[in-house]
Amino acid sequence: MDVKFWGVRGSLGSPLSPEQVQAKINAVVQLVHAKDLESPDARQKFLSTLPPYIYGTIGGNTPCVQITSSSKDVLIFDAGTGIRGLGLETRLAPSSRYSLFLSHLHWDHIQGFPFFGPLYDPNVAIDIYSPVEDIAEIFARQMRSPFYPVDFGTVKDRIKFNVLSPGKEYEVCGVKVSCCKMNHPGDSYAYSVEENGKTLVYATDIELSDFEADDNVNKIFGDADVAILDSQYTPQDAQSKSKWGHSSFCQALDFAVKMNVKKLFLFHYDPSYDDKKINSIFHSAKMYLKSISTKDVEMELAVEGKSFSL
């Protein structure tokens, strides 16, 4: 399976501010020398040496992760603002069918859906999956007047809602999918996706403090090849925002090590954290990981536009 991040921020979209752009430019100016501008190759070499938080950005869109199966079917996890960019690449679904899985229905995880271009293509069908029983009614509300100019009724005939049972395994587009309930206000669900003996877990909006994993949670996370896991806060912010439904990067790492996850992507960053702060969190997380585990656990930041194969 191929995986791509289209939105990695939590709670609220957070585009770069003018001040943040200016800070990046100022940092480049301070680092560049005349020899770095002598030729295209020299310029490219200089750019390649810049820290990622200066040369690039984590991204400002709210959660959306795409998984493309070996049969080229597209599975989407959450419909935050990142789903708009996914929809612009219409070639991603040659079957003209998308399968959308929702972790929960808080606004930052569904707010991009009305801006998903294929939604308005009469040749496209969309299957929406969630363990929430009244998913169709709840999901449609944000497209009603006065919240949105196009009523949900104009597109609902091409959308099929599927209510999932946690702990049960489903086959969707040849891929095995199962889910489990996590700790979040109003509930949130983590998903396991398995294909060709490889397993990826998508698990956002989880408060791991005092969280007791049951058999279903252990089954979903245990020995996963990759986990995309809520890591919204620093430890200090997680402590001051107890019961808000999110985890610190330390808690995410503790949980991943406990579950024997092979590779962890930190995900769902707080909207107030800029690229430089998230980069510093990543370095702190690497040091913390060394202090708690001797296992060969990989860790990366989820970055908008980043892709990988599993």
# chains A, B, ... in the order shown; residues from 1 in each chain; ligands from 1
$ residues_around --residues "A:Lys295" --least-positions-apart "5" --cutoff "10 Å" --atoms "only C-alpha atoms" --output "PyMOL selection string"
chain A and resi 257+260-262+289-290
$ write_last_selection --atoms "C-alpha atoms" --output "short mmCIF file (atom, residue, chain, number, x, y, z; two decimals), in the first residue's frame"
data_model
loop_
_atom_site.label_atom_id
_atom_site.label_comp_id
_atom_site.auth_asym_id
_atom_site.auth_seq_id
_atom_site.Cartn_x
_atom_site.Cartn_y
_atom_site.Cartn_z
CA VAL A 257 6.88 1.02 22.39
CA ASN A 260 5.70 -3.05 19.71
CA VAL A 261 4.99 -0.71 16.81
CA LYS A 262 7.85 -0.79 14.31
CA LEU A 289 12.80 7.43 22.64
CA LYS A 290 16.44 6.56 23.32
#
$ closest_atom_pairs --of "stretch 265-299 of chain A" --to "stretch 225-236 of chain A" --cutoff "10 Å" --atoms "only C-alpha atoms" --output "JSON lines"
{"residue": "A:Phe265", "atom": "CA", "partner": "A:Ile228", "partner_atom": "CA", "distance": 4.8}
{"residue": "A:Leu266", "atom": "CA", "partner": "A:Ser231", "partner_atom": "CA", "distance": 5.4}
{"residue": "A:Phe267", "atom": "CA", "partner": "A:Asp230", "partner_atom": "CA", "distance": 5.1}
{"residue": "A:His268", "atom": "CA", "partner": "A:Gln232", "partner_atom": "CA", "distance": 5.3}
{"residue": "A:Tyr269", "atom": "CA", "partner": "A:Gln232", "partner_atom": "CA", "distance": 4.3}
{"residue": "A:Asp270", "atom": "CA", "partner": "A:Gln232", "partner_atom": "CA", "distance": 5.1}
{"residue": "A:Pro271", "atom": "CA", "partner": "A:Gln232", "partner_atom": "CA", "distance": 8.9}
{"residue": "A:Tyr273", "atom": "CA", "partner": "A:Tyr233", "partner_atom": "CA", "distance": 9.0}
{"residue": "A:Lys277", "atom": "CA", "partner": "A:Thr234", "partner_atom": "CA", "distance": 9.9}
{"residue": "A:Ile278", "atom": "CA", "partner": "A:Thr234", "partner_atom": "CA", "distance": 9.5}
{"residue": "A:Ile281", "atom": "CA", "partner": "A:Thr234", "partner_atom": "CA", "distance": 7.3}
{"residue": "A:Ser284", "atom": "CA", "partner": "A:Thr234", "partner_atom": "CA", "distance": 9.6}
{"residue": "A:Ala285", "atom": "CA", "partner": "A:Thr234", "partner_atom": "CA", "distance": 9.6}
{"residue": "A:Glu298", "atom": "CA", "partner": "A:Val226", "partner_atom": "CA", "distance": 9.1}
{"residue": "A:Met299", "atom": "CA", "partner": "A:Val226", "partner_atom": "CA", "distance": 9.5}
$ write_last_selection --atoms "all heavy atoms" --output "compact mmCIF listing (two decimals), in the first residue's frame"
# COMPACT_ATOMS: atom_id res chain seq x y z
N PHE A 265 4.65 7.59 13.23
CA PHE A 265 4.57 8.96 12.70
C PHE A 265 3.85 9.82 13.73
O PHE A 265 2.70 9.54 14.08
CB PHE A 265 3.81 8.99 11.38
CG PHE A 265 4.61 8.57 10.19
CD1 PHE A 265 4.62 7.25 9.78
CD2 PHE A 265 5.39 9.49 9.49
CE1 PHE A 265 5.37 6.85 8.68
CE2 PHE A 265 6.13 9.10 8.39
CZ PHE A 265 6.13 7.78 7.98
N LEU A 266 4.52 10.87 14.22
CA LEU A 266 3.86 11.85 15.07
C LEU A 266 2.86 12.62 14.20
O LEU A 266 3.14 12.96 13.05
CB LEU A 266 4.88 12.80 15.69
CG LEU A 266 6.01 12.16 16.50
CD1 LEU A 266 6.89 13.24 17.12
CD2 LEU A 266 5.48 11.21 17.58
N PHE A 267 1.69 12.95 14.76
CA PHE A 267 0.58 13.42 13.93
C PHE A 267 -0.34 14.32 14.75
O PHE A 267 -0.37 14.26 15.98
CB PHE A 267 -0.19 12.19 13.42
CG PHE A 267 -1.31 12.46 12.45
CD1 PHE A 267 -1.05 12.84 11.15
CD2 PHE A 267 -2.63 12.32 12.86
CE1 PHE A 267 -2.08 13.08 10.24
CE2 PHE A 267 -3.67 12.54 11.96
CZ PHE A 267 -3.40 12.92 10.66
N HIS A 268 -1.13 15.16 14.06
CA HIS A 268 -2.18 15.98 14.66
C HIS A 268 -1.58 17.05 15.58
O HIS A 268 -1.95 17.19 16.74
CB HIS A 268 -3.15 15.08 15.44
CG HIS A 268 -4.52 15.69 15.64
ND1 HIS A 268 -4.81 16.52 16.69
CD2 HIS A 268 -5.67 15.58 14.93
CE1 HIS A 268 -6.09 16.89 16.63
NE2 HIS A 268 -6.63 16.33 15.56
N TYR A 269 -0.68 17.85 15.03
CA TYR A 269 0.02 18.86 15.81
C TYR A 269 -0.89 20.02 16.19
O TYR A 269 -1.77 20.42 15.43
CB TYR A 269 1.21 19.40 15.01
CG TYR A 269 2.04 18.34 14.35
CD1 TYR A 269 2.06 18.21 12.96
CD2 TYR A 269 2.79 17.44 15.10
CE1 TYR A 269 2.81 17.23 12.34
CE2 TYR A 269 3.55 16.45 14.48
CZ TYR A 269 3.55 16.35 13.11
OH TYR A 269 4.29 15.35 12.50
N ASP A 270 -0.64 20.58 17.36
CA ASP A 270 -1.40 21.72 17.83
C ASP A 270 -1.27 22.88 16.85
O ASP A 270 -0.17 23.17 16.36
CB ASP A 270 -0.89 22.14 19.22
CG ASP A 270 -1.81 23.15 19.86
OD1 ASP A 270 -2.75 22.74 20.54
OD2 ASP A 270 -1.57 24.36 19.67
N PRO A 271 -2.37 23.59 16.54
CA PRO A 271 -2.31 24.67 15.56
C PRO A 271 -1.44 25.85 15.98
O PRO A 271 -1.05 26.66 15.14
CB PRO A 271 -3.78 25.09 15.40
CG PRO A 271 -4.46 24.61 16.63
CD PRO A 271 -3.74 23.36 17.03
N TYR A 273 1.56 25.57 17.24
CA TYR A 273 2.97 25.22 17.10
C TYR A 273 3.44 25.55 15.69
O TYR A 273 2.89 25.04 14.71
CB TYR A 273 3.21 23.74 17.36
CG TYR A 273 2.91 23.24 18.77
CD1 TYR A 273 2.97 21.89 19.06
CD2 TYR A 273 2.57 24.11 19.79
CE1 TYR A 273 2.70 21.41 20.33
CE2 TYR A 273 2.30 23.66 21.07
CZ TYR A 273 2.36 22.29 21.34
OH TYR A 273 2.09 21.82 22.60
N LYS A 277 9.01 24.98 16.18
CA LYS A 277 8.69 24.30 17.43
C LYS A 277 8.47 22.81 17.20
O LYS A 277 8.92 21.97 17.99
CB LYS A 277 7.45 24.91 18.09
CG LYS A 277 7.10 24.24 19.41
CD LYS A 277 6.15 25.07 20.24
CE LYS A 277 5.91 24.42 21.59
NZ LYS A 277 5.11 25.27 22.49
N ILE A 278 7.79 22.45 16.12
CA ILE A 278 7.56 21.03 15.85
C ILE A 278 8.88 20.33 15.56
O ILE A 278 9.09 19.18 15.97
CB ILE A 278 6.57 20.87 14.67
CG1 ILE A 278 5.19 21.40 15.08
CG2 ILE A 278 6.47 19.40 14.25
CD1 ILE A 278 4.18 21.42 13.97
N ILE A 281 10.38 19.68 18.86
CA ILE A 281 9.67 18.57 19.49
C ILE A 281 10.18 17.24 18.95
O ILE A 281 10.37 16.27 19.70
CB ILE A 281 8.15 18.71 19.25
CG1 ILE A 281 7.59 19.82 20.14
CG2 ILE A 281 7.43 17.39 19.49
CD1 ILE A 281 6.14 20.16 19.86
N SER A 284 13.41 16.42 20.58
CA SER A 284 13.15 16.00 21.96
C SER A 284 12.58 14.58 21.98
O SER A 284 12.93 13.77 22.86
CB SER A 284 12.17 16.96 22.63
OG SER A 284 12.72 18.25 22.74
N ALA A 285 11.72 14.29 21.01
CA ALA A 285 11.12 12.95 20.94
C ALA A 285 12.18 11.88 20.66
O ALA A 285 12.12 10.78 21.22
CB ALA A 285 10.04 12.93 19.87
N GLU A 298 11.47 3.06 14.67
CA GLU A 298 11.66 4.23 13.82
C GLU A 298 10.62 5.29 14.17
O GLU A 298 9.52 4.98 14.62
CB GLU A 298 11.51 3.85 12.35
CG GLU A 298 12.60 2.95 11.80
CD GLU A 298 12.42 2.74 10.31
OE1 GLU A 298 12.57 3.72 9.55
OE2 GLU A 298 12.09 1.61 9.91
N MET A 299 10.95 6.54 13.91
CA MET A 299 10.02 7.62 14.18
C MET A 299 10.22 8.73 13.17
O MET A 299 11.35 9.09 12.82
CB MET A 299 10.21 8.16 15.60
CG MET A 299 9.26 9.29 15.95
SD MET A 299 9.59 9.98 17.59
CE MET A 299 11.28 10.54 17.37
$ residues_around --residues "stretch 102-118 of chain A" --least-positions-apart "2" --cutoff "9 Å" --atoms "only C-alpha atoms" --output "ChimeraX atom specification"
/A:9-13,62-64,76-88,90,96,98,100,120-126,128-132,135,138-139,142-143,148,150,152,186-191,202-205
$ select_by_dssp --residues "stretch 81-305 of chain A" --states "strand (DSSP E)" --output "VMD selection string"
chain A and resid 97 to 101 125 to 130 159 to 163 170 to 172 175 to 182 188 to 195 198 to 203 226 to 230 263 to 267 298 to 301
$ residues_around --residues "A:Ile54" --least-positions-apart "3" --cutoff "10 Å" --atoms "only C-alpha atoms" --output "PyMOL selection string"
chain A and resi 20-21+23-28+47+50-51+57+275-276+279
$ write_last_selection --atoms "N, CA, C and O atoms" --output "mmCIF file, in the first residue's frame"
data_model
loop_
_atom_site.group_PDB
_atom_site.id
_atom_site.type_symbol
_atom_site.label_atom_id
_atom_site.label_comp_id
_atom_site.auth_asym_id
_atom_site.auth_seq_id
_atom_site.Cartn_x
_atom_site.Cartn_y
_atom_site.Cartn_z
ATOM 1 N N GLN A 20 5.747 34.310 9.882
ATOM 2 C CA GLN A 20 6.472 33.043 9.815
ATOM 3 C C GLN A 20 7.217 32.896 8.490
ATOM 4 O O GLN A 20 8.345 32.399 8.459
ATOM 5 N N VAL A 21 6.589 33.340 7.409
ATOM 6 C CA VAL A 21 7.267 33.319 6.108
ATOM 7 C C VAL A 21 8.489 34.227 6.142
ATOM 8 O O VAL A 21 9.582 33.864 5.670
ATOM 9 N N ALA A 23 10.232 35.084 8.718
ATOM 10 C CA ALA A 23 11.254 34.488 9.583
ATOM 11 C C ALA A 23 12.055 33.435 8.831
ATOM 12 O O ALA A 23 13.283 33.333 8.994
ATOM 13 N N LYS A 24 11.384 32.669 7.974
ATOM 14 C CA LYS A 24 12.092 31.670 7.175
ATOM 15 C C LYS A 24 13.046 32.344 6.184
ATOM 16 O O LYS A 24 14.197 31.925 6.014
ATOM 17 N N ILE A 25 12.566 33.391 5.527
ATOM 18 C CA ILE A 25 13.415 34.106 4.567
ATOM 19 C C ILE A 25 14.617 34.718 5.284
ATOM 20 O O ILE A 25 15.755 34.640 4.798
ATOM 21 N N ASN A 26 14.386 35.314 6.431
ATOM 22 C CA ASN A 26 15.463 35.921 7.200
ATOM 23 C C ASN A 26 16.507 34.888 7.608
ATOM 24 O O ASN A 26 17.718 35.145 7.572
ATOM 25 N N ALA A 27 16.043 33.687 7.981
ATOM 26 C CA ALA A 27 16.968 32.623 8.369
ATOM 27 C C ALA A 27 17.834 32.193 7.197
ATOM 28 O O ALA A 27 19.040 31.945 7.346
ATOM 29 N N VAL A 28 17.245 32.124 5.993
ATOM 30 C CA VAL A 28 18.005 31.751 4.796
ATOM 31 C C VAL A 28 19.055 32.819 4.487
ATOM 32 O O VAL A 28 20.217 32.508 4.182
ATOM 33 N N LEU A 47 20.395 24.807 -0.726
ATOM 34 C CA LEU A 47 19.021 24.565 -0.281
ATOM 35 C C LEU A 47 18.872 23.205 0.392
ATOM 36 O O LEU A 47 18.120 23.054 1.362
ATOM 37 N N LEU A 50 19.581 23.165 4.153
ATOM 38 C CA LEU A 50 18.726 23.905 5.082
ATOM 39 C C LEU A 50 17.901 22.951 5.928
ATOM 40 O O LEU A 50 17.417 21.920 5.432
ATOM 41 N N PRO A 51 17.678 23.266 7.191
ATOM 42 C CA PRO A 51 16.800 22.445 8.028
ATOM 43 C C PRO A 51 15.396 22.407 7.438
ATOM 44 O O PRO A 51 14.932 23.404 6.852
ATOM 45 N N THR A 57 7.633 23.141 5.196
ATOM 46 C CA THR A 57 6.654 23.373 6.250
ATOM 47 C C THR A 57 5.956 22.064 6.575
ATOM 48 O O THR A 57 5.790 21.204 5.697
ATOM 49 N N ASP A 275 6.550 25.639 12.623
ATOM 50 C CA ASP A 275 7.453 24.605 12.101
ATOM 51 C C ASP A 275 8.692 24.433 12.966
ATOM 52 O O ASP A 275 9.161 23.313 13.186
ATOM 53 N N LYS A 276 9.232 25.545 13.449
ATOM 54 C CA LYS A 276 10.441 25.468 14.273
ATOM 55 C C LYS A 276 10.166 24.717 15.572
ATOM 56 O O LYS A 276 10.973 23.884 16.011
ATOM 57 N N ASN A 279 9.803 21.025 14.899
ATOM 58 C CA ASN A 279 11.130 20.451 14.666
ATOM 59 C C ASN A 279 11.850 20.209 15.988
ATOM 60 O O ASN A 279 12.497 19.164 16.181
#
$ select_by_dssp --residues "stretch 97-249 of chain A" --states "alpha helix (DSSP H)" --output "ChimeraX atom specification"
/A:135-140,215-221,235-240,249
$ closest_residue --among "A:Ala136, A:Val74, A:Leu200, A:Ala42" --to "A:Phe308" --atoms "only C-alpha atoms"
A:Leu200
$ closest_residue --among "A:Val303, A:Leu253, A:Gly153, A:Asp215" --to "A:Met287" --atoms "only C-alpha atoms"
A:Leu253
$ residues_around --residues "A:Asn196" --least-positions-apart "4" --cutoff "12 Å" --atoms "only C-alpha atoms" --output "list in words"
Met1, Ser69, Ser70, Ser71, Gly174, Val175, Lys176, Leu200, Asp225 and Leu310 of chain A
